[in-house]
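A.B. asks: Following this message is one structure expressed as structure tokens.
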Amino acid sequence: MTLHSQTILMCPPNHFEVAYVINPWMEGQIAKTDDDLAHRQWDDLCNAVGQYAKLALEPPQRDLPDIVFTANAGLVLGEKVIVSRFRSRERRGEEPHHRAWFEESGFEILDWPQDVPFEGAGDALFDRGQDLLWVGHGFRSDAAVPALLEKLLGRKTAALNLVDPRFYHLDTCLCPLEGGYLLYFPAAFDEKSRALIEALTPQGKRIAVEEADAMKFCCNAVDLGGHVFMNDASETLQTHLRSAGFAPIVTPLSEFMKAGGGAKCLTLKLVET
Ligand code: ARG
């Protein structure tokens, strides 16, 4: 990847907090985030990512604390975007803001059926080695989403059924890396989905992580030209990544973890081809 050929969408955490519980990470965390620390951690991620990509910012919104997780704004392909349709009432208020941002930024907004929940790039990840879109369902995005996306975008999709509520979005337990590598936590998927991952990704390209690393949201990573940004990862995993040619970069995001989000959730790649 040439330097700055990517643009990343982020949203400052001005109104970020844990105000409700819609995933297991948020349990017991209401009003427990530290504002200053959240800002520092977000700034650090911004600066780190900003060395390898341009940044675009979406304005924060009062009473929409989870809008910081721009991965859930929508799914971009070329000039087109599908704006997310959130499953939970708590996040539906974000939809018009995301729509307005994409419209103002010149994207063509594709029609999406309002009765089909789909949480954008949180549940739809482009493989970086083949023409394939991995699509997660089971907790947030509907089981009908993979077929709908395939029709709408003309991209082959691989549907993955999520079974562990701690890993409720696909980007919490799977990360396609440059060169067709796949970082993932196998136990987050049902057997059929694990078999599909194995069928579509050669063994040498699969990096299966242990539960302890998965719980650090190591799979919630942002790969920019082989620089892999993540909340945390064990030395063992970092060594593994390095030997596969990647440069893991740990950028702690404890305050956002309290809401069930890490590095990938806080970013959205706006250049996807
Ligand atoms: N609290 C947010 C939610 O439950 C976290 C979203 C994390 N985003 C992601 N792409 N995994 O919706």
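For the structure tokens, the naming scheme is as follows: chains receive sequential letters (A, B, ...) according to their order of presentation, residues are indexed from 1 within each chain, and ligands are indexed from 1 in presentation order.
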Excluding range 149-155 of chain A and any residue of its chain fewer than 4 positions from it, enumerate the residues within 12 Å of it, using only C-alpha atoms, and give them as a ChimeraX atom specification.
C.D. replies: /A:75-82,109-113,116,118,120-121,123-127,130-136,141-145,159,273
A.B. asks: Take the selection from the previous step and output its residues with C-alpha atoms, as a short mmCIF file (atom, residue, chain, number, x, y, z; two decimals), in the first residue's frame.
C.D. replies:
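As written to disk, again06.cif reads:
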data_model
loop_
_atom_site.label_atom_id
_atom_site.label_comp_id
_atom_site.auth_asym_id
_atom_site.auth_seq_id
_atom_site.Cartn_x
_atom_site.Cartn_y
_atom_site.Cartn_z
CA LEU A 75 -20.19 -0.60 4.59
CA VAL A 76 -18.24 1.19 1.87
CA LEU A 77 -17.30 -0.23 -1.53
CA GLY A 78 -15.87 2.20 -4.07
CA GLU A 79 -18.13 5.27 -4.16
CA LYS A 80 -21.07 3.35 -2.73
CA VAL A 81 -22.15 2.84 0.83
CA ILE A 82 -24.80 0.88 2.68
CA ILE A 109 -26.20 5.57 -0.71
CA LEU A 110 -27.64 2.21 -1.65
CA ASP A 111 -31.15 1.22 -0.60
CA TRP A 112 -31.37 -1.23 2.25
CA PRO A 113 -34.51 -2.92 3.65
CA VAL A 116 -33.11 -6.23 8.08
CA PHE A 118 -27.07 -4.80 9.39
CA GLY A 120 -21.91 -2.22 8.57
CA ALA A 121 -18.18 -2.90 8.61
CA ASP A 123 -20.04 -7.40 10.49
CA ALA A 124 -18.67 -7.25 6.93
CA LEU A 125 -14.94 -7.50 6.26
CA PHE A 126 -13.17 -7.65 2.91
CA ASP A 127 -10.59 -10.38 2.56
CA GLN A 130 -9.09 -12.77 -2.60
CA ASP A 131 -12.30 -11.21 -3.87
CA LEU A 132 -14.41 -12.16 -0.90
CA LEU A 133 -16.51 -10.46 1.74
CA TRP A 134 -16.73 -12.17 5.14
CA VAL A 135 -20.11 -11.49 6.72
CA GLY A 136 -21.00 -12.20 10.34
CA SER A 141 -26.67 -8.45 11.60
CA ASP A 142 -29.48 -10.62 10.27
CA ALA A 143 -28.91 -14.03 8.68
CA ALA A 144 -30.34 -12.61 5.44
CA VAL A 145 -27.48 -10.08 5.17
CA ALA A 159 -21.53 -16.17 5.83
CA THR A 273 -12.10 -1.47 -3.98
#
A.B. asks: Give the residues close to ligand 1, within 6 Å, counting only C-alpha atoms and all ligand atoms; write them as a ChimeraX atom specification.
C.D. replies: /A:22-23,66,69,71-72,122,169,171-172,259-261,265
A.B. asks: If you measure from CA of Thr251 in chain A to CA of Ala188 in chain A, what distance in Å do you get, rounded to one decimal?
C.D. replies: 23.6 Å
A.B. asks: DSSP on the backbone: which residues in range 10-184 of chain A end up as helix (DSSP H, G or I)? Give the answer as a PyMOL selection string.
C.D. replies: chain A and resi 24-26+35-50+65-68+70-72+89-92+95-104+120-122+145-153+165-167+170-172+178-180
A.B. asks: Could you name the residues that touch Tyr184 in chain A at 8 Å or less, counting only C-alpha atoms, but leaving out those on the same chain fewer than 5 positions away, as a list in words?
C.D. replies: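 Using only C-alpha atoms, the neighbours found are Cys173, Leu174, Cys175, Arg206, Ile207, Ala208, Val209 and Cys219 of chain A.
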A.B. asks: Go through range 56-267 of chain A and collect every residue that DSSP, computed from the backbone, puts in strand (DSSP E); the answer should be as a VMD selection string.
C.D. replies: chain A and resid 56 to 57 74 to 77 80 to 83 108 to 109 124 to 126 133 to 137 157 to 161 174 to 177 181 to 184 206 to 208 222 to 224 227 to 230 247 to 250
A.B. asks: Once you have the residues from the selection above, write them out as an mmCIF file, in the first residue's frame, restricted to C-alpha atoms.
C.D. replies:
data_model
loop_
_atom_site.group_PDB
_atom_site.id
_atom_site.type_symbol
_atom_site.label_atom_id
_atom_site.label_comp_id
_atom_site.auth_asym_id
_atom_site.auth_seq_id
_atom_site.Cartn_x
_atom_site.Cartn_y
_atom_site.Cartn_z
ATOM 1 C CA ALA A 56 -11.767 11.965 8.245
ATOM 2 C CA LEU A 57 -13.858 12.956 11.241
ATOM 3 C CA GLY A 74 -21.935 1.516 7.210
ATOM 4 C CA LEU A 75 -20.191 -0.600 4.593
ATOM 5 C CA VAL A 76 -18.236 1.191 1.871
ATOM 6 C CA LEU A 77 -17.303 -0.226 -1.532
ATOM 7 C CA LYS A 80 -21.068 3.346 -2.729
ATOM 8 C CA VAL A 81 -22.153 2.835 0.832
ATOM 9 C CA ILE A 82 -24.800 0.881 2.676
ATOM 10 C CA VAL A 83 -25.700 2.831 5.802
ATOM 11 C CA GLU A 108 -23.853 7.063 -3.286
ATOM 12 C CA ILE A 109 -26.195 5.572 -0.707
ATOM 13 C CA ALA A 124 -18.672 -7.253 6.932
ATOM 14 C CA LEU A 125 -14.943 -7.500 6.256
ATOM 15 C CA PHE A 126 -13.173 -7.648 2.907
ATOM 16 C CA LEU A 133 -16.508 -10.456 1.737
ATOM 17 C CA TRP A 134 -16.730 -12.174 5.137
ATOM 18 C CA VAL A 135 -20.106 -11.489 6.723
ATOM 19 C CA GLY A 136 -20.996 -12.204 10.339
ATOM 20 C CA HIS A 137 -24.522 -12.752 11.646
ATOM 21 C CA THR A 157 -19.752 -13.438 0.456
ATOM 22 C CA ALA A 158 -18.902 -16.053 3.068
ATOM 23 C CA ALA A 159 -21.530 -16.172 5.826
ATOM 24 C CA LEU A 160 -20.175 -16.791 9.317
ATOM 25 C CA ASN A 161 -22.462 -17.621 12.216
ATOM 26 C CA LEU A 174 -11.870 -12.031 12.836
ATOM 27 C CA CYS A 175 -9.516 -9.732 10.980
ATOM 28 C CA PRO A 176 -8.430 -10.185 7.361
ATOM 29 C CA LEU A 177 -4.797 -9.077 7.013
ATOM 30 C CA TYR A 181 -3.868 -13.754 6.158
ATOM 31 C CA LEU A 182 -6.721 -14.184 8.611
ATOM 32 C CA LEU A 183 -6.418 -13.444 12.316
ATOM 33 C CA TYR A 184 -9.335 -15.088 14.139
ATOM 34 C CA ARG A 206 -4.672 -18.717 9.213
ATOM 35 C CA ILE A 207 -3.592 -17.192 12.519
ATOM 36 C CA ALA A 208 -5.873 -18.710 15.149
ATOM 37 C CA VAL A 222 -6.641 -2.263 11.872
ATOM 38 C CA ASP A 223 -4.119 -3.289 9.224
ATOM 39 C CA LEU A 224 -2.520 -0.412 7.344
ATOM 40 C CA HIS A 227 1.101 -2.206 10.515
ATOM 41 C CA VAL A 228 -1.495 -3.872 12.697
ATOM 42 C CA PHE A 229 -3.037 -1.644 15.369
ATOM 43 C CA MET A 230 -4.735 -3.335 18.301
ATOM 44 C CA ALA A 247 4.283 -5.062 12.620
ATOM 45 C CA PRO A 248 1.872 -5.274 15.565
ATOM 46 C CA ILE A 249 1.320 -1.911 17.269
ATOM 47 C CA VAL A 250 -0.361 -1.986 20.661
#
